[in-house]
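Undergrad: Okay, here's the structure, questions in a sec.
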Amino acid sequence: MYPHILLATDGSENSVRAAKEAIKLAMCSANSKVEVVMVTDFDKSKQDILHAQSAESLLIERKRKISNVEQLLKDEQVNYKVTFLKGSPGPEIVRYAKEQKVDLVVVGSRGLNTLQEMVLGSVSHKVMKRVHCPALIVK
């Protein structure tokens, strides 16, 4: 069905719900792989680096944030891989999905109201508008 599923996550409850849906889709086909992608925003990463003990501790913290998503994938024995990216989350997910030729992008919705989304823009909205493959936004 979808051999290469990109799951964009930040470890939040919304991304855990998205992970559950990605798992359901991956389990429909024996050869599906879920690629868990976490994008560190440039502005936030500068602050993280300043407060981190070392590069290793920074990586450990990022892995801790997505450990709940990884555990779901392990529990269901889904073939997966984790990738950490740096940049602006929306455009970076779109760029990576195109480069890797993924078959489906799954992302959680933050639940912004219309005004917030118009002013701030949401990652899921940016991905949905620009990605060149099917995308699933999970509420």
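Ordering of the structure tokens sets the chain letters (A, B, ...); residue numbers start at 1 within each chain; ligands are numbered from 1 in the order shown.
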Tell me, counting only C-alpha atoms, for each residue of region 1-36 of chain A within 12 Å of region 89-99 of chain A, which pair of atoms is nearest and how far apart they are in Å to one decimal, in rows ordered by chain and increasing number, as a Markdown table.
TA:
| residue | atom | partner | partner_atom | distance |
| --- | --- | --- | --- | --- |
| A:His4 | CA | A:Ala97 | CA | 9.8 |
| A:Ile5 | CA | A:Ala97 | CA | 9.3 |
| A:Leu6 | CA | A:Ala97 | CA | 7.1 |
| A:Leu7 | CA | A:Ile93 | CA | 9.5 |
| A:Ala8 | CA | A:Ile93 | CA | 7.3 |
| A:Thr9 | CA | A:Pro89 | CA | 10.0 |
| A:Asp10 | CA | A:Pro89 | CA | 9.9 |
| A:Glu35 | CA | A:Ala97 | CA | 10.1 |
| A:Val36 | CA | A:Ile93 | CA | 10.9 |
Undergrad: Skipping near chain neighbours, those fewer than 2 positions away, what residues fall within 7 Å of region 80-85 of chain A using only C-alpha atoms, listed as a PDB file with N, CA and C atoms, in the first residue's frame?
TA:
ATOM      1  N   LYS A  33       7.743   0.574   5.630  1.00  0.00           N
ATOM      2  CA  LYS A  33       8.706   1.116   6.594  1.00  0.00           C
ATOM      3  C   LYS A  33       8.221   2.496   6.997  1.00  0.00           C
ATOM      4  N   VAL A  34       8.261   2.782   8.298  1.00  0.00           N
ATOM      5  CA  VAL A  34       7.899   4.093   8.805  1.00  0.00           C
ATOM      6  C   VAL A  34       9.190   4.833   9.134  1.00  0.00           C
ATOM      7  N   GLU A  35       9.347   5.998   8.562  1.00  0.00           N
ATOM      8  CA  GLU A  35      10.500   6.833   8.887  1.00  0.00           C
ATOM      9  C   GLU A  35      10.024   7.948   9.802  1.00  0.00           C
ATOM     10  N   VAL A  36      10.472   7.894  11.045  1.00  0.00           N
ATOM     11  CA  VAL A  36      10.109   8.886  12.046  1.00  0.00           C
ATOM     12  C   VAL A  36      11.061  10.067  11.877  1.00  0.00           C
ATOM     13  N   VAL A  37      10.502  11.241  11.601  1.00  0.00           N
ATOM     14  CA  VAL A  37      11.314  12.431  11.369  1.00  0.00           C
ATOM     15  C   VAL A  37      10.984  13.479  12.426  1.00  0.00           C
ATOM     16  N   MET A  38      12.017  13.964  13.080  1.00  0.00           N
ATOM     17  CA  MET A  38      11.869  15.071  14.027  1.00  0.00           C
ATOM     18  C   MET A  38      12.708  16.221  13.512  1.00  0.00           C
ATOM     19  N   VAL A  39      12.077  17.374  13.361  1.00  0.00           N
ATOM     20  CA  VAL A  39      12.780  18.553  12.861  1.00  0.00           C
ATOM     21  C   VAL A  39      12.999  19.523  14.012  1.00  0.00           C
ATOM     22  N   THR A  40      14.247  19.893  14.220  1.00  0.00           N
ATOM     23  CA  THR A  40      14.579  20.887  15.233  1.00  0.00           C
ATOM     24  C   THR A  40      14.612  22.246  14.568  1.00  0.00           C
ATOM     25  N   VAL A  78       6.736  -2.787  14.001  1.00  0.00           N
ATOM     26  CA  VAL A  78       6.746  -2.109  12.708  1.00  0.00           C
ATOM     27  C   VAL A  78       8.187  -1.751  12.363  1.00  0.00           C
ATOM     28  N   GLY A  87      16.024  22.778  10.793  1.00  0.00           N
ATOM     29  CA  GLY A  87      15.467  23.777   9.900  1.00  0.00           C
ATOM     30  C   GLY A  87      14.088  24.191  10.344  1.00  0.00           C
TER      31      GLY A  87
END
Undergrad: With a distance cut-off of 9 Å and only C-alpha atoms, select the neighbouring residues of Ile137 (chain A), excluding the residue or stretch itself and same-chain residues fewer than 3 positions from it, and output the selection as number ranges by chain.
TA: A: 18, 105-109, 124-125, 128
Undergrad: What is the distance between CA of Ser88 (chain A) and CA of Ser122 (chain A), in Å to one decimal?
TA: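 Taking CA of Ser88 (chain A) and CA of Ser122 (chain A), their separation equals 11.4 Å.
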Undergrad: Just the number, please: distance in Å from CA of Arg130 (chain A) to CA of Ser15 (chain A), one decimal.
TA: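 Here the two named atoms are 19.7 Å from each other.
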Undergrad: Do you have the CA of Gln71 (chain A)-CA of Glu13 (chain A) distance handy?
TA: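 It comes out at 13.7 Å.
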Undergrad: Could you check which of A:Val16, A:Pro134, A:Leu73, A:Val127 is closest to Met1 (chain A), using only C-alpha atoms?
TA: A:Pro134
